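Pasting final.tsv here (TSV, C-alpha atoms):
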```tsv
chain	number	residue	atom	x	y	z
A	1	MET	CA	-94.15	-23.89	-8.25
A	2	LEU	CA	-92.03	-25.36	-11.00
A	3	ARG	CA	-90.54	-21.92	-11.73
A	4	GLY	CA	-89.71	-21.37	-8.07
A	5	ALA	CA	-87.95	-24.72	-7.84
A	6	MET	CA	-85.82	-23.90	-10.91
A	7	LEU	CA	-84.79	-20.57	-9.44
A	8	ARG	CA	-83.75	-22.22	-6.23
A	9	THR	CA	-81.68	-24.76	-8.17
A	10	VAL	CA	-79.89	-22.04	-10.20
A	11	ARG	CA	-79.07	-20.05	-7.06
A	12	ALA	CA	-77.61	-23.16	-5.45
A	13	LEU	CA	-75.08	-23.61	-8.28
A	14	PRO	CA	-71.57	-22.16	-7.52
A	15	THR	CA	-70.67	-18.97	-9.39
A	16	ARG	CA	-67.30	-18.38	-11.15
A	17	THR	CA	-65.87	-16.50	-8.20
A	18	GLU	CA	-67.12	-19.05	-5.70
A	19	ARG	CA	-65.43	-22.03	-7.32
A	20	PRO	CA	-62.76	-23.51	-5.05
A	21	VAL	CA	-59.13	-22.94	-5.96
A	22	LYS	CA	-57.17	-26.05	-6.73
A	23	ALA	CA	-54.87	-27.07	-3.95
A	24	SER	CA	-51.93	-27.42	-6.34
A	25	ALA	CA	-51.92	-23.69	-7.36
A	26	ALA	CA	-50.37	-22.37	-4.12
A	27	PRO	CA	-47.47	-24.84	-3.95
A	28	ARG	CA	-46.66	-24.13	-7.61
A	29	CYS	CA	-46.16	-20.38	-6.96
A	30	ALA	CA	-44.08	-20.79	-3.78
A	31	PRO	CA	-41.03	-22.45	-5.39
A	32	ARG	CA	-41.07	-19.90	-8.22
A	33	ARG	CA	-40.96	-17.00	-5.76
A	34	ALA	CA	-38.20	-18.65	-3.75
A	35	GLY	CA	-36.20	-19.16	-6.93
A	36	LEU	CA	-36.60	-15.50	-7.91
A	37	ARG	CA	-35.45	-14.39	-4.46
A	38	ALA	CA	-32.38	-16.64	-4.66
A	39	LEU	CA	-31.56	-15.31	-8.14
A	40	ALA	CA	-31.89	-11.70	-6.96
A	41	LEU	CA	-29.66	-12.40	-3.95
A	42	GLY	CA	-27.05	-14.00	-6.19
A	43	VAL	CA	-27.02	-10.97	-8.51
A	44	VAL	CA	-26.59	-8.60	-5.54
A	45	LEU	CA	-23.70	-10.65	-4.13
A	46	ALA	CA	-22.01	-10.80	-7.54
A	47	VAL	CA	-22.24	-7.01	-7.96
A	48	CYS	CA	-20.84	-6.48	-4.45
A	49	ALA	CA	-17.93	-8.82	-5.23
A	50	VAL	CA	-17.13	-6.90	-8.42
A	51	PHE	CA	-17.12	-3.57	-6.59
A	52	ALA	CA	-15.00	-5.00	-3.77
A	53	ALA	CA	-12.43	-6.36	-6.22
A	54	GLY	CA	-12.33	-3.01	-8.00
A	55	SER	CA	-11.77	-1.19	-4.71
A	56	VAL	CA	-8.85	-3.46	-3.80
A	57	ALA	CA	-7.29	-2.97	-7.24
A	58	LEU	CA	-7.60	0.81	-6.95
A	59	ALA	CA	-6.05	0.74	-3.48
A	60	ASP	CA	-3.09	-1.32	-4.71
A	61	ALA	CA	-2.59	1.03	-7.65
A	62	ALA	CA	-2.53	4.14	-5.44
A	63	PRO	CA	1.01	5.49	-4.89
A	64	VAL	CA	2.51	5.36	-1.42
A	65	GLU	CA	4.55	8.44	-0.53
A	66	LEU	CA	7.23	8.40	2.15
A	67	VAL	CA	9.28	11.29	3.46
A	68	LEU	CA	12.98	10.39	3.45
A	69	THR	CA	15.10	11.98	6.15
A	70	TYR	CA	18.50	11.64	7.72
A	71	MET	CA	16.98	9.57	10.49
A	72	PRO	CA	18.47	9.66	14.00
A	73	ASN	CA	20.09	6.39	15.10
A	74	VAL	CA	19.63	4.95	11.60
A	75	SER	CA	21.48	7.20	9.16
A	76	ASN	CA	25.25	7.36	9.51
A	77	THR	CA	26.70	8.87	6.31
A	78	ASP	CA	27.28	12.34	7.81
A	79	THR	CA	24.81	14.13	5.50
A	80	PRO	CA	22.29	15.53	8.03
A	81	THR	CA	20.85	18.13	5.62
A	82	ALA	CA	19.84	15.51	3.06
A	83	SER	CA	16.14	14.78	2.56
A	84	GLY	CA	13.79	13.49	-0.08
A	85	ILE	CA	10.58	11.82	-1.15
A	86	ALA	CA	10.01	8.21	-2.21
A	87	GLU	CA	6.90	7.24	-4.16
A	88	LEU	CA	5.97	3.60	-4.74
A	89	VAL	CA	3.16	2.06	-6.79
A	90	MET	CA	3.30	-1.44	-5.38
A	91	SER	CA	1.06	-3.25	-7.88
A	92	GLU	CA	2.92	-1.75	-10.85
A	93	GLY	CA	6.45	-2.04	-9.46
A	94	GLU	CA	7.00	1.69	-9.98
A	95	VAL	CA	9.66	3.50	-7.94
A	96	ARG	CA	10.37	7.23	-7.86
A	97	VAL	CA	12.89	8.93	-5.61
A	98	SER	CA	13.63	12.66	-5.37
A	99	ALA	CA	16.26	13.98	-2.99
A	100	ALA	CA	18.42	17.01	-2.26
A	101	ASN	CA	21.75	17.67	-0.53
A	102	LEU	CA	23.15	14.23	-1.33
A	103	PRO	CA	26.82	14.27	-2.38
A	104	HIS	CA	27.80	12.67	-5.66
A	105	LEU	CA	29.45	9.25	-5.26
A	106	ASP	CA	32.67	8.52	-7.10
A	107	GLY	CA	33.62	5.43	-9.09
A	108	ASP	CA	31.21	2.51	-9.05
A	109	SER	CA	29.59	3.52	-5.77
A	110	ARG	CA	25.85	4.12	-5.89
A	111	TYR	CA	22.92	4.96	-3.65
A	112	VAL	CA	20.55	1.99	-3.51
A	113	ALA	CA	16.94	2.11	-2.32
A	114	TRP	CA	15.40	-0.85	-0.48
A	115	VAL	CA	12.09	-1.80	1.09
A	116	VAL	CA	12.62	-3.53	4.43
A	117	ASN	CA	10.53	-5.46	6.91
A	118	THR	CA	12.45	-4.84	10.11
A	119	HIS	CA	10.56	-7.56	11.99
A	120	THR	CA	11.25	-10.43	9.56
A	121	ASN	CA	14.62	-9.25	8.13
A	122	GLN	CA	13.17	-9.35	4.60
A	123	PHE	CA	14.26	-6.77	2.05
A	124	GLN	CA	14.04	-6.04	-1.67
A	125	ARG	CA	16.20	-3.81	-3.84
A	126	LEU	CA	14.29	-1.07	-5.66
A	127	GLY	CA	17.04	0.49	-7.75
A	128	ALA	CA	20.37	2.30	-7.78
A	129	PHE	CA	21.14	5.94	-8.56
A	130	ASN	CA	23.66	8.71	-8.04
A	131	ALA	CA	23.35	12.38	-7.19
A	132	ASP	CA	24.10	15.16	-9.63
A	133	ALA	CA	27.70	16.25	-9.13
A	134	ASP	CA	26.94	19.98	-9.06
A	135	ALA	CA	23.41	20.30	-7.70
A	136	LYS	CA	23.60	17.33	-5.27
A	137	THR	CA	20.06	16.37	-6.26
A	138	VAL	CA	18.46	13.08	-7.27
A	139	LYS	CA	15.60	12.46	-9.68
A	140	PHE	CA	15.27	8.70	-10.08
A	141	GLU	CA	12.54	6.57	-11.67
A	142	ASN	CA	12.43	2.81	-12.15
A	143	VAL	CA	9.86	0.17	-13.12
A	144	LEU	CA	10.61	-3.27	-11.72
A	145	PRO	CA	9.88	-6.40	-13.80
A	146	ASP	CA	7.23	-7.48	-11.29
A	147	ALA	CA	4.98	-5.94	-8.69
A	148	ILE	CA	6.45	-5.21	-5.29
A	149	PRO	CA	5.06	-8.04	-3.13
A	150	ASN	CA	3.17	-7.24	0.04
A	151	LYS	CA	5.51	-8.39	2.81
A	152	GLN	CA	4.41	-5.83	5.39
A	153	TRP	CA	7.29	-3.48	4.57
A	154	ASP	CA	7.72	-0.82	7.22
A	155	LEU	CA	10.84	1.03	6.05
A	156	VAL	CA	12.40	2.45	2.88
A	157	LEU	CA	16.16	2.59	3.32
A	158	VAL	CA	18.73	4.28	1.07
A	159	THR	CA	22.22	2.87	1.47
A	160	VAL	CA	25.61	3.62	-0.02
A	161	GLU	CA	26.92	0.63	-1.94
A	162	GLY	CA	30.07	-0.24	-3.86
A	163	SER	CA	28.04	-1.28	-6.93
A	164	ALA	CA	24.60	-0.85	-8.45
A	165	GLU	CA	23.43	-4.42	-7.76
A	166	PRO	CA	24.34	-5.47	-4.21
A	167	ASP	CA	22.83	-8.60	-2.71
A	168	HIS	CA	21.89	-6.95	0.57
A	169	PRO	CA	21.91	-3.51	2.21
A	170	SER	CA	25.26	-2.37	3.52
A	171	ALA	CA	25.93	-0.78	6.90
A	172	LYS	CA	26.18	2.68	5.30
A	173	HIS	CA	22.68	4.07	5.80
A	174	SER	CA	21.83	7.36	4.14
A	175	LEU	CA	18.15	8.37	4.05
A	176	ALA	CA	15.24	6.42	5.51
A	177	GLY	CA	11.47	6.72	5.70
A	178	THR	CA	8.71	4.78	7.45
A	179	PHE	CA	5.58	3.46	5.74
A	180	PRO	CA	2.20	4.85	6.79
A	181	ARG	CA	0.71	2.47	9.34
A	182	ALA	CA	-2.46	1.94	11.31
A	183	ASP	CA	-2.54	2.37	15.08
A	184	SER	CA	-2.69	-1.40	15.47
A	185	ASP	CA	0.45	-2.00	13.38
A	186	PRO	CA	3.73	-2.45	15.27
A	187	PRO	CA	6.38	0.24	14.70
A	188	PRO	CA	9.58	-0.67	12.87
A	189	ALA	CA	11.99	-2.65	14.99
A	190	LEU	CA	15.77	-2.61	14.91
A	191	LEU	CA	17.18	-2.58	11.41
A	192	PRO	CA	17.59	-6.15	10.16
A	193	ASN	CA	20.83	-8.04	10.12
A	194	THR	CA	21.14	-8.06	6.34
A	195	GLY	CA	24.61	-9.53	6.14
A	196	GLY	CA	26.69	-6.37	6.21
A	197	ALA	CA	29.16	-5.33	8.88
A	198	PRO	CA	27.61	-4.28	12.21
A	199	ASP	CA	26.52	-0.67	12.23
A	200	PRO	CA	28.27	1.18	15.08
A	201	ASP	CA	25.53	3.84	15.19
A	202	VAL	CA	22.70	1.35	15.73
A	203	ARG	CA	22.92	0.14	19.31
A	204	PRO	CA	21.15	-2.90	20.77
A	205	ALA	CA	17.49	-2.47	21.67
A	206	SER	CA	18.18	-2.33	25.41
A	207	GLY	CA	20.40	0.73	25.10
A	208	ARG	CA	18.92	2.29	22.00
A	209	PRO	CA	16.66	5.36	22.29
A	210	GLN	CA	13.23	5.38	20.71
A	211	TRP	CA	13.93	7.03	17.37
A	212	LEU	CA	10.46	6.80	15.79
A	213	PRO	CA	8.89	9.80	17.63
A	214	ALA	CA	11.95	11.89	16.83
A	215	ALA	CA	11.82	10.76	13.22
A	216	GLY	CA	8.34	12.22	12.90
A	217	LEU	CA	9.56	15.64	14.03
A	218	VAL	CA	12.54	15.46	11.73
A	219	ALA	CA	10.27	14.55	8.83
A	220	LEU	CA	8.20	17.72	9.30
A	221	GLY	CA	11.26	19.93	9.37
A	222	SER	CA	12.85	18.14	6.45
A	223	LEU	CA	9.90	18.90	4.19
A	224	PHE	CA	10.92	22.56	4.29
A	225	SER	CA	14.63	21.89	3.90
A	226	PHE	CA	13.95	19.51	1.02
A	227	GLY	CA	11.90	22.12	-0.86
A	228	ALA	CA	14.50	24.82	-0.32
A	229	GLY	CA	17.42	22.58	-1.17
A	230	TYR	CA	15.78	21.17	-4.28
A	231	GLY	CA	14.87	24.66	-5.49
A	232	LEU	CA	18.42	25.92	-5.05
A	233	GLY	CA	19.74	22.83	-6.82
A	234	SER	CA	17.45	23.43	-9.79
A	235	LYS	CA	18.64	27.04	-10.13
A	236	LYS	CA	22.27	25.90	-10.27
A	237	ARG	CA	21.47	23.82	-13.34
```
Rewrite the structure from the file as structure tokens, please.
Amino acid sequence: MLRGAMLRTVRALPTRTERPVKASAAPRCAPRRAGLRALALGVVLAVCAVFAAGSVALADAAPVELVLTYMPNVSNTDTPTASGIAELVMSEGEVRVSAANLPHLDGDSRYVAWVVNTHTNQFQRLGAFNADADAKTVKFENVLPDAIPNKQWDLVLVTVEGSAEPDHPSAKHSLAGTFPRADSDPPPALLPNTGGAPDPDVRPASGRPQWLPAAGLVALGSLFSFGAGYGLGSKKR
């Protein structure tokens, strides 16, 4: 009987696996897991921010190419066969202009390239150049002291100026090209009143034809004329 009572007592004792878990163990693990989740989320967000910043930098560093044409209702220098290409790297302030069938300017006169926001009348000079006297071609490169600021430019305009450093675009418009734009962006408006004499070939908006659709067709044709003209000009050298 004594042996049976001892066995019953031993069986009644709790085993190692049956011992109750302390109530404080579960709350101690929960904050640690929450902290790890927060840390992981922070790392993911930081990586995403780095990649996003890199993507923006790469986009700003990508060159923007514009086809320059003798644009209807904008150009007025009587050089309809002229055409070219403008390439801008906005974040680096780099400007490159190639053109063909532009006559050489005498004296201090120069062609000057500008970026223009036709809606706000803002503009910035990109550089001055002249055409080769014999080949009538242009190969111009310039690096501005600072980046070209983002002011929603919608037009590159080449004007004929009396000097290499004018304060504003003149009324003598040579080549022009529109920036690539999204469907939601407004098209360029009338050329800004930049302080020069009124341009007789640019009529008020009420009586002025829509030149942007025509400009697109001219741009396609000018690509061929530019290549042919530039090739002939190179042979003459």
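Closest approach to Asn117 of chain A among A:Glu87, A:Asp154, A:Glu94, A:Asp134: A:Asp154, based on only C-alpha atoms.
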So what do you get for atom CA of Ser163 of chain A versus atom CA of Ala135 of chain A, distance-wise?
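Interatomic distance, atom CA of Ser163 of chain A to atom CA of Ala135 of chain A: 22.1 Å.
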Gap from atom CA of Leu66 of chain A to atom CA of Ala176 of chain A - Å, one decimal:
8.9 Å
Tell me which of A:Val138, A:Val95, A:Leu155, A:Ala164 sits closest to Asn121 of chain A, counting all atoms listed in the file.
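Under the stated criterion, the closest residue is A:Leu155.
What separates atom CA of Asn101 of chain A from atom CA of Thr178 of chain A is a distance of 20.0 Å.
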For Asn73 of chain A, which residue out of A:Thr159, A:Arg37, A:Ser174, A:Phe179 is the nearest one, using all atoms listed in the file?
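Residue with the minimum atom-to-atom distance to Asn73 of chain A: A:Ser174.
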From the options A:Thr69, A:Gln152, A:Thr79, A:Ser98, which residue's atoms come nearest to Val116 of chain A, counting all atoms listed in the file?
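For Val116 of chain A, the nearest of the given residues is A:Gln152.
Among the candidates A:Gln124, A:Ser75, A:Thr137, A:Ser91, the residue lying nearest to Glu165 of chain A is A:Gln124 (atoms considered: only C-alpha atoms).
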Neighbouring residues of Gly127 of chain A were defined as those with any atom within 9 Å, considering only C-alpha atoms; residues of the same chain fewer than 2 positions away were excluded. Please report them as an NGL selection string.
:A and (95 or 111-114 or 125 or 129 or 140-144 or 164-165)
Scan for residues within 8 Å of the point (29.3, 4.1, 6.5) in the coordinates of the file, using all atoms listed in the file, and reply as a list in words.
Asn76, Thr77, Val160, Ala171, Lys172, His173 and Asp199 of chain A
Can you write out the residues you just picked, keeping C-alpha atoms, as an mmCIF file, in the frame of the given file?
```cif
data_model
loop_
_atom_site.group_PDB
_atom_site.id
_atom_site.type_symbol
_atom_site.label_atom_id
_atom_site.label_comp_id
_atom_site.auth_asym_id
_atom_site.auth_seq_id
_atom_site.Cartn_x
_atom_site.Cartn_y
_atom_site.Cartn_z
ATOM 1 C CA ASN A 76 25.250 7.360 9.510
ATOM 2 C CA THR A 77 26.700 8.870 6.310
ATOM 3 C CA VAL A 160 25.610 3.620 -0.020
ATOM 4 C CA ALA A 171 25.930 -0.780 6.900
ATOM 5 C CA LYS A 172 26.180 2.680 5.300
ATOM 6 C CA HIS A 173 22.680 4.070 5.800
ATOM 7 C CA ASP A 199 26.520 -0.670 12.230
#
```
Nearest to Gly107 of chain A: which of A:Gly177, A:Ala61, A:Asn130, A:Gly84 is it, counting only C-alpha atoms?
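Nearest to Gly107 of chain A: A:Asn130.
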So that I can see what lies close to Gly162 of chain A, please list as a list in words the residues with an atom at most 8 Å from it, counting only C-alpha atoms and leaving out residues fewer than 6 positions away in the same chain.
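The filter keeps Asp108, Ser109 and Arg110 of chain A.
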Since the input lacks atoms, please generate N, CA and C atoms for segment 132-154 of chain A and provide them as a PDB file, keeping the file's coordinate frame.
```pdb
ATOM      1  N   ASP A 132      23.456  14.250  -8.695  1.00  0.00           N
ATOM      2  CA  ASP A 132      24.100  15.160  -9.630  1.00  0.00           C
ATOM      3  C   ASP A 132      25.333  15.776  -8.979  1.00  0.00           C
ATOM      4  N   ALA A 133      26.424  15.810  -9.710  1.00  0.00           N
ATOM      5  CA  ALA A 133      27.700  16.250  -9.130  1.00  0.00           C
ATOM      6  C   ALA A 133      27.657  17.697  -8.674  1.00  0.00           C
ATOM      7  N   ASP A 134      26.960  18.561  -9.403  1.00  0.00           N
ATOM      8  CA  ASP A 134      26.940  19.980  -9.060  1.00  0.00           C
ATOM      9  C   ASP A 134      25.782  20.338  -8.130  1.00  0.00           C
ATOM     10  N   ALA A 135      24.576  19.891  -8.477  1.00  0.00           N
ATOM     11  CA  ALA A 135      23.410  20.300  -7.700  1.00  0.00           C
ATOM     12  C   ALA A 135      23.175  19.442  -6.462  1.00  0.00           C
ATOM     13  N   LYS A 136      23.806  18.261  -6.392  1.00  0.00           N
ATOM     14  CA  LYS A 136      23.600  17.330  -5.270  1.00  0.00           C
ATOM     15  C   LYS A 136      22.124  16.923  -5.131  1.00  0.00           C
ATOM     16  N   THR A 137      21.475  16.772  -6.267  1.00  0.00           N
ATOM     17  CA  THR A 137      20.060  16.370  -6.260  1.00  0.00           C
ATOM     18  C   THR A 137      19.905  15.023  -6.964  1.00  0.00           C
ATOM     19  N   VAL A 138      18.784  14.377  -6.674  1.00  0.00           N
ATOM     20  CA  VAL A 138      18.460  13.080  -7.270  1.00  0.00           C
ATOM     21  C   VAL A 138      17.058  13.146  -7.855  1.00  0.00           C
ATOM     22  N   LYS A 139      16.914  12.628  -9.062  1.00  0.00           N
ATOM     23  CA  LYS A 139      15.600  12.460  -9.680  1.00  0.00           C
ATOM     24  C   LYS A 139      15.623  11.091 -10.354  1.00  0.00           C
ATOM     25  N   PHE A 140      15.130  10.091  -9.642  1.00  0.00           N
ATOM     26  CA  PHE A 140      15.270   8.700 -10.080  1.00  0.00           C
ATOM     27  C   PHE A 140      13.904   8.059 -10.281  1.00  0.00           C
ATOM     28  N   GLU A 141      13.756   7.329 -11.391  1.00  0.00           N
ATOM     29  CA  GLU A 141      12.540   6.570 -11.670  1.00  0.00           C
ATOM     30  C   GLU A 141      12.922   5.190 -12.163  1.00  0.00           C
ATOM     31  N   ASN A 142      12.161   4.195 -11.744  1.00  0.00           N
ATOM     32  CA  ASN A 142      12.430   2.810 -12.150  1.00  0.00           C
ATOM     33  C   ASN A 142      11.120   2.033 -12.142  1.00  0.00           C
ATOM     34  N   VAL A 143      11.004   1.087 -13.082  1.00  0.00           N
ATOM     35  CA  VAL A 143       9.860   0.170 -13.120  1.00  0.00           C
ATOM     36  C   VAL A 143      10.415  -1.241 -13.024  1.00  0.00           C
ATOM     37  N   LEU A 144      10.114  -1.922 -11.941  1.00  0.00           N
ATOM     38  CA  LEU A 144      10.610  -3.270 -11.720  1.00  0.00           C
ATOM     39  C   LEU A 144       9.898  -4.260 -12.640  1.00  0.00           C
ATOM     40  N   PRO A 145      10.529  -5.398 -12.929  1.00  0.00           N
ATOM     41  CA  PRO A 145       9.880  -6.400 -13.800  1.00  0.00           C
ATOM     42  C   PRO A 145       8.567  -6.914 -13.244  1.00  0.00           C
ATOM     43  N   ASP A 146       8.440  -6.965 -11.922  1.00  0.00           N
ATOM     44  CA  ASP A 146       7.230  -7.480 -11.290  1.00  0.00           C
ATOM     45  C   ASP A 146       6.724  -6.495 -10.244  1.00  0.00           C
ATOM     46  N   ALA A 147       5.526  -6.750  -9.780  1.00  0.00           N
ATOM     47  CA  ALA A 147       4.980  -5.940  -8.690  1.00  0.00           C
ATOM     48  C   ALA A 147       5.795  -6.121  -7.424  1.00  0.00           C
ATOM     49  N   ILE A 148       5.782  -5.100  -6.585  1.00  0.00           N
ATOM     50  CA  ILE A 148       6.450  -5.210  -5.290  1.00  0.00           C
ATOM     51  C   ILE A 148       5.537  -6.017  -4.369  1.00  0.00           C
ATOM     52  N   PRO A 149       5.951  -7.196  -3.926  1.00  0.00           N
ATOM     53  CA  PRO A 149       5.060  -8.040  -3.130  1.00  0.00           C
ATOM     54  C   PRO A 149       4.739  -7.398  -1.780  1.00  0.00           C
ATOM     55  N   ASN A 150       3.588  -7.760  -1.265  1.00  0.00           N
ATOM     56  CA  ASN A 150       3.170  -7.240   0.040  1.00  0.00           C
ATOM     57  C   ASN A 150       3.768  -8.122   1.142  1.00  0.00           C
ATOM     58  N   LYS A 151       4.867  -7.667   1.712  1.00  0.00           N
ATOM     59  CA  LYS A 151       5.510  -8.390   2.810  1.00  0.00           C
ATOM     60  C   LYS A 151       5.551  -7.531   4.071  1.00  0.00           C
ATOM     61  N   GLN A 152       4.533  -6.698   4.210  1.00  0.00           N
ATOM     62  CA  GLN A 152       4.410  -5.830   5.390  1.00  0.00           C
ATOM     63  C   GLN A 152       5.658  -4.970   5.579  1.00  0.00           C
ATOM     64  N   TRP A 153       6.131  -4.371   4.472  1.00  0.00           N
ATOM     65  CA  TRP A 153       7.290  -3.480   4.570  1.00  0.00           C
ATOM     66  C   TRP A 153       6.980  -2.340   5.526  1.00  0.00           C
ATOM     67  N   ASP A 154       7.930  -1.960   6.331  1.00  0.00           N
ATOM     68  CA  ASP A 154       7.720  -0.820   7.220  1.00  0.00           C
ATOM     69  C   ASP A 154       8.778   0.258   7.080  1.00  0.00           C
TER      70      ASP A 154
END
```
